[in-house]
Amino acid sequence: MNTKFRVCATVIATGVLLGSLGMSGPAIDASATKPSVSTSQQAKNKNEVTLYWKGKALPQKGLVHHGITYIPATALRDHLGMPLKYDAKNKTYNIGNGYNKLSAVVYDASEIGILVNGSYVGEPGGQIIKGRLYLPYAAVSQYLGIQGQWSGSAKTLSLSEKKLNNITIKSVPLEKKIQGVESIVNYPVISGLDHAAAQAEINKVLKENAEGTMDIIEQGAGAFPEDPIIPYEFSGDFVVQYNQNDTLSIMTYNYSYTGGAHGMTFRNSYTFSLKDGKQMKLGDFINMQGENKQKLNNHVLTTMKKDGGYLGGFEGVPSDAEFYVKDNAAVLYFQLYEYTAYAFGFPEFELKLKDWK
């Protein structure tokens, strides 16, 4: 099964050779600008961003491309201490460790998909510029525990570590052989929380979700006879979306492929208060009452119609809507095929908390 089908709703050609894209590629010139420079050099300097890590300027420069700030992966490796490896077989750069592992998959020279623990995280993707991989700052900040202070006038981005909740999150595999295929559902287990009862409740919910996921995979696979010709796939994993301010937001997903044009992915999300272990709802983060609820419904419907692929049937955002939390926002989403065609992926709506009080 093509990996691109697994993580993304659009089909992009693959197969580009990456001999020139290894980690030995040339670095961007970070030296001071000389008096005599070409027009292209001036344009490059104009788009460069000086990166700081804990107050110290880094030799590698960031870039602003089409309004998006990118960070060279080598800067994360060399100065932030993040492991960075290139998998030539799968044409994938892997960076980070711990519960979130970010991957940049090179589908072709201009299409670098960003995944976290195998889950496609959407646009923008990465960039390969002069043999060096650049990652969107938004993805680095969201998934790798980094925050930044931007200065537009000075064209600087000062990076530092986020203050995360004082807990440990470990990925634990649940394994079972289904239709002759070794199936693995990874789920998170937390430890170190002062509130023992809250920790136990959170871990109970997350384990039960993994067990339920395995049951769903097994039941779905049972509808299809075992066939050595079809490369069946069954798996599940999770992404920690937010782990700050006594709030933990986790998105889990399961994927199965039993033949046909593409596989299917389903998501579940859990947002917990670490103070008491209670699951939180979308209405705990944004105002879903009265006129605000109608405003939200109108926003979602209008956006789905505008973006294309709307299949109909939307009657409003339920009180138990699926969502996850990120910095200063809640992200509402719906399942594949729920309201839109498969090719349009998971419809997501980033709701800035300040705008939806």
# chains A, B, ... in the order shown; residues from 1 in each chain; ligands from 1
call {"tool": "residues_around", "arguments": {"residues": "Val105 (chain A)", "least_positions_apart": "4", "cutoff": "9 Å", "atoms": "only C-alpha atoms", "output": "PyMOL selection string"}}
result
chain A and resi 90-94+111-115+126
call {"tool": "select_by_dssp", "arguments": {"residues": "region 67-176 of chain A", "states": "strand (DSSP E or B)", "output": "PyMOL selection string"}}
result
chain A and resi 68-72+84-87+92-95+102-108+111-116+119-120+126-129+132-136+146-151+156-161+168-176
call {"tool": "residues_around", "arguments": {"residues": "Val181 (chain A)", "least_positions_apart": "6", "cutoff": "8 Å", "atoms": "only C-alpha atoms", "output": "PDB file with C-alpha atoms, in the first residue's frame"}}
result
ATOM      1  CA  TYR A 232      -3.274  -6.115   4.386  1.00  0.00           C
ATOM      2  CA  GLU A 233      -2.291  -3.451   6.916  1.00  0.00           C
ATOM      3  CA  PHE A 234      -3.710  -2.835  10.385  1.00  0.00           C
TER       4      PHE A 234
END
call {"tool": "atom_distance", "arguments": {"atom1": "CA of Leu157 (chain A)", "atom2": "CA of Asn243 (chain A)"}}
result
22.4 Å
call {"tool": "residues_around", "arguments": {"residues": "region 203-205 of chain A", "least_positions_apart": "4", "cutoff": "7 Å", "atoms": "only C-alpha atoms", "output": "PDB file with N, CA and C atoms, in the first residue's frame"}}
result
ATOM      1  N   VAL A 189       0.917   5.947  27.764  1.00  0.00           N
ATOM      2  CA  VAL A 189       0.761   5.724  29.194  1.00  0.00           C
ATOM      3  C   VAL A 189       1.492   6.854  29.898  1.00  0.00           C
ATOM      4  N   ILE A 190       0.815   7.547  30.794  1.00  0.00           N
ATOM      5  CA  ILE A 190       1.446   8.663  31.488  1.00  0.00           C
ATOM      6  C   ILE A 190       1.852   8.259  32.897  1.00  0.00           C
ATOM      7  N   GLN A 199      -4.301  10.198  37.278  1.00  0.00           N
ATOM      8  CA  GLN A 199      -3.402   9.478  36.382  1.00  0.00           C
ATOM      9  C   GLN A 199      -3.980   8.112  36.015  1.00  0.00           C
ATOM     10  N   ASN A 209      -9.266   2.692  24.876  1.00  0.00           N
ATOM     11  CA  ASN A 209      -9.378   3.127  23.485  1.00  0.00           C
ATOM     12  C   ASN A 209      -8.520   2.246  22.579  1.00  0.00           C
TER      13      ASN A 209
END
call {"tool": "closest_residue", "arguments": {"among": "A:Val325, A:Met214, A:Leu311, A:Leu164", "to": "Phe344 (chain A)", "atoms": "only C-alpha atoms"}}
result
A:Leu311
call {"tool": "closest_atom_pairs", "arguments": {"of": "region 74-168 of chain A", "to": "region 253-256 of chain A", "cutoff": "12 Å", "atoms": "only C-alpha atoms", "output": "CSV"}}
result
residue,atom,partner,partner_atom,distance
A:Val116,CA,A:Tyr253,CA,11.5
A:Asn117,CA,A:Tyr253,CA,10.1
A:Gly118,CA,A:Tyr253,CA,9.6
A:Ser119,CA,A:Tyr253,CA,7.9
A:Tyr120,CA,A:Tyr253,CA,10.8
call {"tool": "write_last_selection", "arguments": {"atoms": "N, CA and C atoms", "output": "JSON list (two decimals), in the first residue's frame"}}
result
[["chain", "number", "residue", "atom", "x", "y", "z"],
["A", 116, "VAL", "N", 3.61, 12.95, 11.89],
["A", 116, "VAL", "CA", 4.02, 12.73, 13.27],
["A", 116, "VAL", "C", 3.49, 11.37, 13.69],
["A", 117, "ASN", "N", 4.39, 10.48, 14.05],
["A", 117, "ASN", "CA", 4.04, 9.11, 14.40],
["A", 117, "ASN", "C", 3.18, 8.45, 13.32],
["A", 118, "GLY", "N", 3.47, 8.79, 12.07],
["A", 118, "GLY", "CA", 2.77, 8.18, 10.95],
["A", 118, "GLY", "C", 1.49, 8.89, 10.54],
["A", 119, "SER", "N", 1.10, 9.93, 11.27],
["A", 119, "SER", "CA", -0.13, 10.65, 10.96],
["A", 119, "SER", "C", 0.19, 11.93, 10.20],
["A", 120, "TYR", "N", -0.41, 12.10, 9.04],
["A", 120, "TYR", "CA", -0.19, 13.28, 8.21],
["A", 120, "TYR", "C", -0.76, 14.51, 8.92]]
call {"tool": "closest_residue", "arguments": {"among": "A:Leu351, A:Ile129, A:Leu135, A:Leu159", "to": "Leu51 (chain A)", "atoms": "only C-alpha atoms"}}
result
A:Leu159
call {"tool": "atom_distance", "arguments": {"atom1": "CA of Val140 (chain A)", "atom2": "CA of Asn165 (chain A)"}}
result
17.9 Å
call {"tool": "residues_around", "arguments": {"residues": "region 47-50 of chain A", "least_positions_apart": "4", "cutoff": "6 Å", "atoms": "only C-alpha atoms", "output": "VMD selection string"}}
result
chain A and resid 61 to 64 155 to 156
call {"tool": "residues_around", "arguments": {"residues": "Gln294 (chain A)", "least_positions_apart": "6", "cutoff": "12 Å", "atoms": "only C-alpha atoms", "output": "PyMOL selection string"}}
result
chain A and resi 287-288+300-302+315-318+356
